[in-house]
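Text of my_file-v5.pdb (PDB, C-alpha atoms) as supplied:
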```pdb
ATOM      1  CA  MET A   1      75.726  29.893  21.908
ATOM      2  CA  LYS A   2      72.277  31.469  22.197
ATOM      3  CA  THR A   3      71.407  35.143  22.406
ATOM      4  CA  LEU A   4      68.321  35.953  24.458
ATOM      5  CA  PRO A   5      66.540  39.121  23.348
ATOM      6  CA  THR A   6      64.866  41.447  25.818
ATOM      7  CA  GLY A   7      61.119  41.177  26.143
ATOM      8  CA  GLY A   8      60.920  37.701  27.639
ATOM      9  CA  THR A   9      61.104  35.587  24.472
ATOM     10  CA  ILE A  10      61.052  31.941  25.608
ATOM     11  CA  VAL A  11      64.064  29.946  24.365
ATOM     12  CA  LYS A  12      64.511  26.165  24.582
ATOM     13  CA  LEU A  13      68.024  25.107  25.541
ATOM     14  CA  ASN A  14      69.322  22.047  23.762
ATOM     15  CA  LYS A  15      72.225  19.732  24.451
ATOM     16  CA  THR A  16      75.293  21.459  25.867
ATOM     17  CA  PRO A  17      78.719  20.425  24.582
ATOM     18  CA  LEU A  18      80.320  21.254  27.946
ATOM     19  CA  LEU A  19      78.920  18.234  29.767
ATOM     20  CA  GLY A  20      77.212  16.340  26.959
ATOM     21  CA  GLY A  21      73.816  16.600  28.630
ATOM     22  CA  TRP A  22      70.684  18.704  28.506
ATOM     23  CA  GLY A  23      70.533  21.985  30.374
ATOM     24  CA  ARG A  24      73.587  21.819  32.635
ATOM     25  CA  GLU A  25      76.007  24.732  32.862
ATOM     26  CA  GLY A  26      76.810  27.749  30.753
ATOM     27  CA  LEU A  27      78.197  31.269  30.858
ATOM     28  CA  ALA A  28      75.914  34.302  30.695
ATOM     29  CA  ASN A  29      77.525  37.277  28.971
ATOM     30  CA  LEU A  30      75.436  40.131  30.322
ATOM     31  CA  GLY A  31      76.497  42.854  27.879
ATOM     32  CA  GLY A  32      74.809  46.136  28.770
ATOM     33  CA  ASN A  33      72.978  44.563  31.697
ATOM     34  CA  THR A  34      75.986  45.058  33.986
ATOM     35  CA  ALA A  35      74.600  48.560  34.640
ATOM     36  CA  VAL A  36      71.342  47.094  36.000
ATOM     37  CA  THR A  37      71.495  46.993  39.817
ATOM     38  CA  SER A  38      68.239  45.289  40.809
ATOM     39  CA  GLY A  39      65.536  43.005  39.445
ATOM     40  CA  VAL A  40      65.411  39.719  37.561
ATOM     41  CA  LEU A  41      67.744  39.304  34.554
ATOM     42  CA  LEU A  42      67.087  35.645  33.684
ATOM     43  CA  GLN A  43      64.209  33.289  34.414
ATOM     44  CA  GLY A  44      64.041  29.543  33.845
ATOM     45  CA  HIS A  45      61.416  26.821  33.537
ATOM     46  CA  GLU A  46      61.723  23.043  33.465
ATOM     47  CA  ALA A  47      60.142  21.207  30.536
ATOM     48  CA  PRO A  48      56.444  20.453  31.068
ATOM     49  CA  ALA A  49      55.582  16.740  31.279
ATOM     50  CA  ASP A  50      53.826  16.856  27.899
ATOM     51  CA  GLY A  51      56.955  18.237  26.183
ATOM     52  CA  SER A  52      55.349  21.564  25.248
ATOM     53  CA  THR A  53      56.829  25.034  25.647
ATOM     54  CA  PRO A  54      55.735  26.591  28.956
ATOM     55  CA  ALA A  55      53.341  29.519  28.787
ATOM     56  CA  ALA A  56      54.657  32.986  29.586
ATOM     57  CA  GLY A  57      52.243  33.199  32.526
ATOM     58  CA  SER A  58      53.063  29.765  33.960
ATOM     59  CA  SER A  59      53.705  29.611  37.711
ATOM     60  CA  GLY A  60      56.720  27.371  37.007
ATOM     61  CA  TRP A  61      59.038  30.254  36.016
ATOM     62  CA  PHE A  62      61.811  30.855  38.572
ATOM     63  CA  THR A  63      64.699  33.289  38.936
ATOM     64  CA  VAL A  64      67.994  32.077  37.483
ATOM     65  CA  LEU A  65      69.933  35.347  37.799
ATOM     66  CA  SER A  66      69.187  38.574  39.662
ATOM     67  CA  ALA A  67      70.929  41.879  39.032
ATOM     68  CA  SER A  68      73.151  43.448  41.682
ATOM     69  CA  ALA A  69      75.530  46.387  41.952
ATOM     70  CA  ASN A  70      78.651  44.191  41.765
ATOM     71  CA  LEU A  71      77.627  41.687  39.092
ATOM     72  CA  ALA A  72      80.488  40.571  36.835
ATOM     73  CA  PRO A  73      80.043  40.959  33.042
ATOM     74  CA  VAL A  74      80.210  37.164  32.617
ATOM     75  CA  VAL A  75      78.445  34.901  35.120
ATOM     76  CA  GLU A  76      78.612  31.102  35.321
ATOM     77  CA  ILE A  77      75.247  29.400  35.706
ATOM     78  CA  ALA A  78      75.809  25.943  37.128
ATOM     79  CA  ASP A  79      72.466  24.322  36.326
ATOM     80  CA  LEU A  80      70.507  25.751  33.416
ATOM     81  CA  PRO A  81      66.846  24.742  33.023
ATOM     82  CA  ASP A  82      65.204  23.410  29.856
ATOM     83  CA  PHE A  83      63.700  26.801  28.953
ATOM     84  CA  ILE A  84      65.014  30.293  29.654
ATOM     85  CA  ARG A  85      63.986  33.906  29.026
ATOM     86  CA  THR A  86      65.171  37.373  29.949
ATOM     87  CA  GLY A  87      63.567  38.918  33.017
ATOM     88  CA  THR A  88      61.832  42.261  33.235
ATOM     89  CA  ALA A  89      64.987  44.056  34.443
ATOM     90  CA  ALA A  90      67.056  43.076  31.377
ATOM     91  CA  THR A  91      67.742  46.146  29.234
ATOM     92  CA  ALA A  92      69.986  44.443  26.648
ATOM     93  CA  PRO A  93      70.259  40.964  25.115
ATOM     94  CA  ILE A  94      72.081  38.290  27.152
ATOM     95  CA  THR A  95      74.292  35.733  25.384
ATOM     96  CA  LEU A  96      74.559  32.218  26.808
ATOM     97  CA  GLU A  97      77.817  30.504  25.908
ATOM     98  CA  GLY A  98      78.308  26.757  26.162
ATOM     99  CA  VAL A  99      74.733  25.906  25.153
ATOM    100  CA  GLN A 100      73.052  25.207  21.830
TER     101      GLN A 100
END
```
Show this structure as structure tokens.
Amino acid sequence: MKTLPTGGTIVKLNKTPLLGGWGREGLANLGGNTAVTSGVLLQGHEAPADGSTPAAGSSGWFTVLSASANLAPVVEIADLPDFIRTGTAATAPITLEGVQ
């Protein structure tokens, strides 16, 4: 389990026990973010070829989860990237379950 703070802190996802691989799937417990109705809640980035952590301003960041009016409090994410961070719309930490 990993808790992602607000503010866009970049977090590397390690091996997941669910499928025994890297990245893969997990559950996002949105906490207080269920009240957010628009914007980006989670962003992801694949590992750079040199193995470094991607820069915050890298063009490789993509949307993993967007907020909506009917978003469930727990959302399955089928294919998590190597790195993840909260998006600008996140108002509370998001906990990823099933990842290390």
Check: Which polymer residues, protein or nucleic acid, are no farther than 6 Å from (61.6, 26.5, 30.9), counting all atoms listed in the file, as a ChimeraX atom specification?
Finding: /A:44-47,81-84
Let's have the selection written as a PDB file, in the frame of the given file, with C-alpha atoms.
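Contents of out29.pdb, freshly written:
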```
ATOM      1  CA  GLY A  44      64.041  29.543  33.845  1.00  0.00           C
ATOM      2  CA  HIS A  45      61.416  26.821  33.537  1.00  0.00           C
ATOM      3  CA  GLU A  46      61.723  23.043  33.465  1.00  0.00           C
ATOM      4  CA  ALA A  47      60.142  21.207  30.536  1.00  0.00           C
ATOM      5  CA  PRO A  81      66.846  24.742  33.023  1.00  0.00           C
ATOM      6  CA  ASP A  82      65.204  23.410  29.856  1.00  0.00           C
ATOM      7  CA  PHE A  83      63.700  26.801  28.953  1.00  0.00           C
ATOM      8  CA  ILE A  84      65.014  30.293  29.654  1.00  0.00           C
TER       9      ILE A  84
END
```
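Distances here use all atoms listed in the file; by that measure, the residue among A:Arg24, A:Lys12, A:Arg85, A:Lys2 closest to Thr53 in chain A is A:Lys12.
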Margin query: What's around range 4-8 of chain A at 10 Å? Count only C-alpha atoms, leave out sequence neighbours fewer than 2 positions away in its own chain, and write the answer as a ChimeraX atom specification.
Written below: /A:1-2,10-11,28,41-43,56,84-96
Notebook entry, point to check: In file coordinates, which residues lie within 6 Å of (76.0, 30.9, 34.1) using only C-alpha atoms, given as a ChimeraX atom specification?
Noted result: /A:26-28,75-78
Just C-alpha atoms for this one: save the residues we selected as a CSV table (one decimal), in the coordinates of the input.
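This went into out24.csv:
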```csv
chain,number,residue,atom,x,y,z
A,26,GLY,CA,76.8,27.7,30.8
A,27,LEU,CA,78.2,31.3,30.9
A,28,ALA,CA,75.9,34.3,30.7
A,75,VAL,CA,78.4,34.9,35.1
A,76,GLU,CA,78.6,31.1,35.3
A,77,ILE,CA,75.2,29.4,35.7
A,78,ALA,CA,75.8,25.9,37.1
```
Item checked: Minimum-distance residue to Ala35 in chain A, chosen among A:Leu80, A:Val74, A:Ala67, A:Val99 (using all atoms listed in the file) ->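 Between A:Leu80, A:Val74, A:Ala67, A:Val99, the residue approaching Ala35 in chain A most closely is A:Ala67.
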Size and centre in Å, one decimal, axis-aligned box, all listed range 49-57 of chain A atoms plus 5 Å per side, as AutoDock Vina command-line options:
```
--center_x 54.6 --center_y 25.0 --center_z 28.9 --size_x 14.7 --size_y 26.5 --size_z 17.3
```
Margin query: Which residues, named as in the file, does the PyMOL selection byres ((chain A and resi 69) around 10) pick out? Answer as a list in words.
Written below: Thr34, Ala35, Val36, Thr37, Ser38, Ala67, Ser68, Asn70, Leu71 and Ala72 of chain A
Notebook entry, point to check: Which one of A:Gly32, A:Pro73, A:Ala49, A:Val40 sits closest to Trp61 in chain A if you count only C-alpha atoms?
Noted result: A:Val40
Notebook entry, point to check: Between CA of Gly31 in chain A and CA of Glu97 in chain A, what is the distance, to one decimal in Å?
Noted result: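 For CA of Gly31 in chain A relative to CA of Glu97 in chain A, the distance reads 12.6 Å.
Counting from CA of Ala55 in chain A, the distance to CA of Thr3 in chain A is 20.0 Å.
Taking CA of Thr63 in chain A as the reference point, CA of Asn29 in chain A is found at 16.7 Å.
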